[in-house]
Amino acid sequence: MAKVHVTTTVNDEPLEFLCEPYETMLDALRNQLALTGSKEGCASGDCGACSITLDDRLVCSCLMLAAEAEGHEIRTIEGMARGGRLHPLQEKFLEQAALQCGICTSGMLVASEALLRKNPNPSEEEVRFWLAGNLCRCTGYDKIVRAVLETATEIREAAQ
Amino acid sequence: MNIVVNNKWIGQRTIRPDGVDKVTGRAAFAADTAMPGMIWGKVLRSPHPHARIRSIDTSRAEALPGVKAVVTSRDIVDFPIEKSVMLGIQDMRWMCRNVMARDKALFPGHPVAAVAATTEAIAARACELIEVDYEVLPWSIEIDDAIKPDAPILHEFNKFEGKPSNIVGTLEHKKGDIEQGFKQADVVIERTFTTRPVHQGYIEPHACLISVAADGKTTIWSSSQGQFMVRAMTAYLTGIPQSDIRAIPAEIGGGFGGKTIVYLEPLATLLAKKSGRPVKMVMTREEVMRATGPTSGSKSTVKIGAKKDGTIVAAQGTFYLQAGAFPGSPIRGAAGCSFAPYDIPNVLSVGFDVCSNRSKVAAYRAPGAPIGAYAVECVLDEVAESLKMDPLDFRLKNAAKQGTKAAHGPVFPRIGYVETVEAARNHPHYSAPLGKLQGRGVASGFWFNAGGESSAQVNITEDGNVVVTTGHPDIGGSRAGIANVCAELLGIDYRRVSVIIGDTQTVGFSNLTGGSRVLFASAMVVTQATEKVINTLRERAAKIWEIDPEAVKWENGAAHPASPNAGQFEPLTLEDLAEKAPMQGGPIGAGVQLNTQGAEGGFGTHICDVEVDIELGIARVIRYTAVQDVGRAVHPGYVEGQLQGGVAQGIGWALNEEYIYRSDGKVDNPGFLDYRMPVCSDLPMIDTVLVEVPNPKHPQGVKGVGEVPLVPVMAAVANAIYRAVGKRFYALPMSPPKVLEGLETPPLQQAAE
């Protein structure tokens with residue numbers, strides 16, 4: 001079967017690639033576009049390590065076909081720091097030791113950023129339920145939840 | 001050794017050296033690496049729990065366009081089954097059969113062949129074309145089935161009490177006279193417990209990329225808890241000398257003990273050698289669940305006797321642990337650690353290592369200790385209750401302290417167990433009010449901790465900064481701790497210290513990241529290497545000033561005259577001395593290699609509150625406090641993180657996680673949807689109390705911290721559930737259907753015998 005030609009935008013950069021019709025967005029990102037920050041932990045949408053946004057909607061890239069990126073805007077962990085500056089969530093994760101091995105961190109950050117865009121003032125419970133699709137086996141989530149809540153507070157305060 | 005007291009960086013929450021890479025997606029884990037000409041490897045696995053392999057025909061697979069190499073057990077170095085060849089705690093005769101089945105397949109998922117092809121899809125298709133002629137054999141998975149007199153035997157040569165048996169090892173710890181001990185008791189309680197196999201659950205599947213040059217020179221990128229283990233095992237199993245294998249530690253996406261052996265590396269090496277192409281192999285989650293880890297399922301019987309005043313006079317434990325396909329379940333941890341927090345005059349603790357037709361057990365965070373502690377700490381709770389004593393007071397009364405002789409051998413040095421119980425008892429959590437259907441449980445735990453071989457090189461760069469190279473994969477932030485230690489000693493900003501994990505051909509031998517040893521051992525070798533560097537720096541300054549090196553002191557990143565008598569000189573900074581190095585004796589650096597000693601055991605005491613929904617059977621942890629003697633928290637953030645992560649894993653083990661087997665012997669839940677690890681919304685915040693009783697045998701007072709936090713958790717949860725609903729559960733997991741079933745049956749006779 002012929003490969004599919006895809007024209008899309010990834011982290012604000014317009015680009016084109018060829019993929020197999022059955023190829024997932026995660027595989028295309030990792031194997032064709034050399035964007036290996038998104039991780040495969042399960043390939044079944046259970047762990048969230050491959051989280052990206054598709055037109056600002058949080059998705060598991062392992063559950064999306066690469067061909068579906070046609071005409072849409074994709075954002076990955078690689079696009080989170082802008083102009084050489086870390087996003088406040090990235091800074092806070094480092095300050096709070098909210099990562100240990102780091103394999104879930106890309107997905108956690110992408111999901112957290114999507115949450116704060118939607119809900120700048122989440123409760124602890126809202127953070128916990130929003131991140132329930134992102135598995136972390138190292139931290140027990142404590143420091144991750146605190147980092148998200150503190151970042152939200154700081155972003156709100158900075159905006160005032 | 002002197003304990004460092006005046007600290008600028010030790011104990012600070014510095015930013016980890018690898019942090020920015022990990023929050024931006026730049027960090028290279030094993031599956032993130034690619035090479036020109038790379039092809040993909042896949043494993044064909046046995047569908048049967050137990051089958052003799054009569055023949056394997058790979059010809060159709062080899063003929064498939066795109067297939068570049070096929071390997072079977074014929075390509076793996078054979079270690080005859082009768083003779084043990086040990087590498088650390090692993091026996092190569094089991095390893096060679098675990099990476100690829102030889103005469104028999106012993107569990108569903110056992111590799112029987114591997115293929116490398118130009119795409120993953122072709123490799124998978126080729127696996128389907130391999131014809132394996134199996135003679136299917138009877139099998140057993142559960143301990144009770146595997147130790148029946150007529151059980152199918154996995155390893156026919158093994159004898160127990162003179163007969164072929166699946167009991168492949170025993171271990172006994174004895175102290176005092178157990179019968180006399182129980183005669184002195186006013187209260188004796190004996191209970192039997194079971195636990196299910198649980199997986200380490202690292203989010204990163206096993207992965208490697210391997211290139212073998214025409215002259216045999218081999219480069220391995222892989223995710224493991226020890227690049228030297230990868231090199232040695234791959235060398236043993238492929239016949240390539242260790243000097244020709246460069247094992248590069250990729251960033252590791254979680255291990256918890258499960259990445260202390262090889263699975264893919266020998267296969268990928270042989271495929272790369274045969275094909276002449278770099279080979280990448282990445283397990284699927286299903287392969288991880290079926291063929292790696294988990295830890296043992298278990299059956300334990302524990303009997304404890306105490307006097308009316310609360311003195312424990314005798315304790316007996318019998319622990320049967322599933323080893324899976326090959327010997328090696330962690331009976332040492334179960335039988336050795338469980339009674340260690342207590343000063344008990346008469347102890348008999350026995351472990352049985354039982355083979356059965358599931359994947360070979362791999363280490364999991366304090367291997368065996370949580371299984372034993374679950375049984376012991378639950379029985380202790382019952383004994384305390386029957387004596388009408390507070391469970392923490394009961395533990396305090398019997399607590400091991402300096403001078404206590406543990407049943408597993410050692411006489412304890414200064415330990416911090418009592419401090420953990422006192423801190424728990426005094427914590428506001430312990431006296432906080434509870435609501436309806438809520439209960440509070442406590443439990444303690446012990447883990448041996450390990451020292452062992454470590455190497456480090458500390459080099460001063462030409463611009464006066466520092467590069468530290470060590471040999472331990474960093475799973476949880478150990479590089480941050482190492483940077484703190486080195487910066488502290490040199491008196492410079494920690495950001496000037498770059499910490500690198502070296503590969504096998506560039507740094508000295510370093511044993512596994514395991515046994516809670518990494519910061520203990522690394523800090524020790526890095527301290528000694530840094531002290532050597534400081535001595536060189538003092539000598540250089542002395543030479544420039546033309547005074548005695550003894551008259552030079554190193555302070556705040558610079559050489560100073562030790563006293564006014566030494567003369568008046570402007571300080572020489574690290575940058576100054578680095579700049580002058582070419583004219584003053586050459587490069588500045590030092591390497592140290594040690595077999596580190598003095599990693600004393602660690603203790604923790606936990607408080608857990610649960611709330612039970614009696615209509616749905618859901619037990620939910622609503623508050624948790626973990627107290628631990630951590631020796632010295634070099635980086636408190638990552639020490640707390642170890643405690644919190646261990647607790648979360650224990651809550652999963654207690655409440656949900658289990659391998660469920662189908663009637664055909666296959667795992668029925670080999671994925672994260674059905675093997676349900678705790679998610680963010682399942683857990684509360686996890687409070688930690690770091691008790692610091694410095695280890696006198698370590699320059700910074702460090703003790704291992706990583707494994708202890710899993711040990712007490714299941715008992716703390718079980719004891720809390722009892723307090724909430726008045727019903728004791730003797731089997732894990734206490735998942736909703738089981739809790740519901742338990743609540744519907746009348747309570748057992750709970751009184752003391």
# chains A, B, ... in the order shown; residues from 1 in each chain; ligands from 1
$ interface_residues --of "chain B" --to "chain A" --cutoff "7 Å" --atoms "only C-alpha atoms" --output "MDAnalysis selection string"
chainID B and resid 15 19 22:26 32 201:205 252:254 284:285 475:477 637:638 641 644:645 648 672:673 679:681 685:686
$ residues_around --residues "Asp18 of chain B" --least-positions-apart "3" --cutoff "8 Å" --atoms "only C-alpha atoms" --output "short mmCIF file (atom, residue, chain, number, x, y, z; two decimals) with C-alpha atoms, in the first residue's frame"
data_model
loop_
_atom_site.label_atom_id
_atom_site.label_comp_id
_atom_site.auth_asym_id
_atom_site.auth_seq_id
_atom_site.Cartn_x
_atom_site.Cartn_y
_atom_site.Cartn_z
CA ASP B 21 16.78 17.31 29.57
CA LYS B 22 13.94 15.46 31.24
CA ALA B 27 16.77 13.00 27.58
CA ARG B 479 23.07 12.70 40.12
#
$ residues_around --residues "Pro88 of chain A" --least-positions-apart "4" --cutoff "8 Å" --atoms "only C-alpha atoms" --output "PyMOL selection string"
chain A and resi 92+151+155
$ write_last_selection --atoms "N, CA and C atoms" --output "compact mmCIF listing (two decimals), in the first residue's frame"
# COMPACT_ATOMS: atom_id res chain seq x y z
N LYS A 92 8.83 24.49 37.53
CA LYS A 92 8.29 24.05 38.82
C LYS A 92 8.53 22.55 39.04
N THR A 151 2.17 26.09 40.24
CA THR A 151 2.35 26.81 38.97
C THR A 151 1.08 27.59 38.64
N ILE A 155 1.03 31.55 37.99
CA ILE A 155 0.60 32.12 36.70
C ILE A 155 -0.55 33.11 36.93
$ select_by_dssp --residues "segment 290-473 of chain B" --states "alpha helix (DSSP H)" --output "JSON, numbers by chain"
{"B": [290, 291, 331, 332, 333, 334, 335, 336, 337, 369, 370, 371, 372, 373, 374, 375, 376, 377, 378, 379, 380, 381, 382, 383, 384, 385, 386, 391, 392, 393, 394, 395, 396, 397, 417, 418, 419, 420, 421, 422, 423, 424, 425, 426, 428, 429, 430, 431]}
$ atom_distance --atom1 "atom CA of Tyr364 of chain B" --atom2 "atom CA of Phe193 of chain B"
19.3 Å
$ closest_residue --among "B:Leu437, B:Ala487, B:Leu740, B:Ile312" --to "Gln184 of chain B" --atoms "only C-alpha atoms"
B:Ile312
$ closest_residue --among "B:Ile167, B:Met229, B:Ala126, B:Pro733" --to "Glu62 of chain B" --atoms "only C-alpha atoms"
B:Ala126
$ residues_around --residues "Met25 of chain A" --least-positions-apart "4" --cutoff "10 Å" --atoms "only C-alpha atoms" --output "list of chain:residue names"
A:Cys19, A:Leu29, A:Arg30, A:Asn31, A:Gln32, A:Cys50, A:Ile52, A:Cys60, A:Ser61, A:Cys62, A:Leu63, A:Met64, A:Leu65, A:Ala66, A:Ala67, A:Glu68, A:Ala69, A:Ile74
$ select_by_dssp --residues "chain A" --states "strand (DSSP E or B)" --output "ChimeraX atom specification"
/A:4-10,13-19,24,51-54,57-60,65,73-75,82,85
$ residues_around --residues "Asn595 of chain B" --least-positions-apart "2" --cutoff "7 Å" --atoms "only C-alpha atoms" --output "list of chain:residue names"
B:Gly452, B:Glu453, B:Ser454, B:Gln597
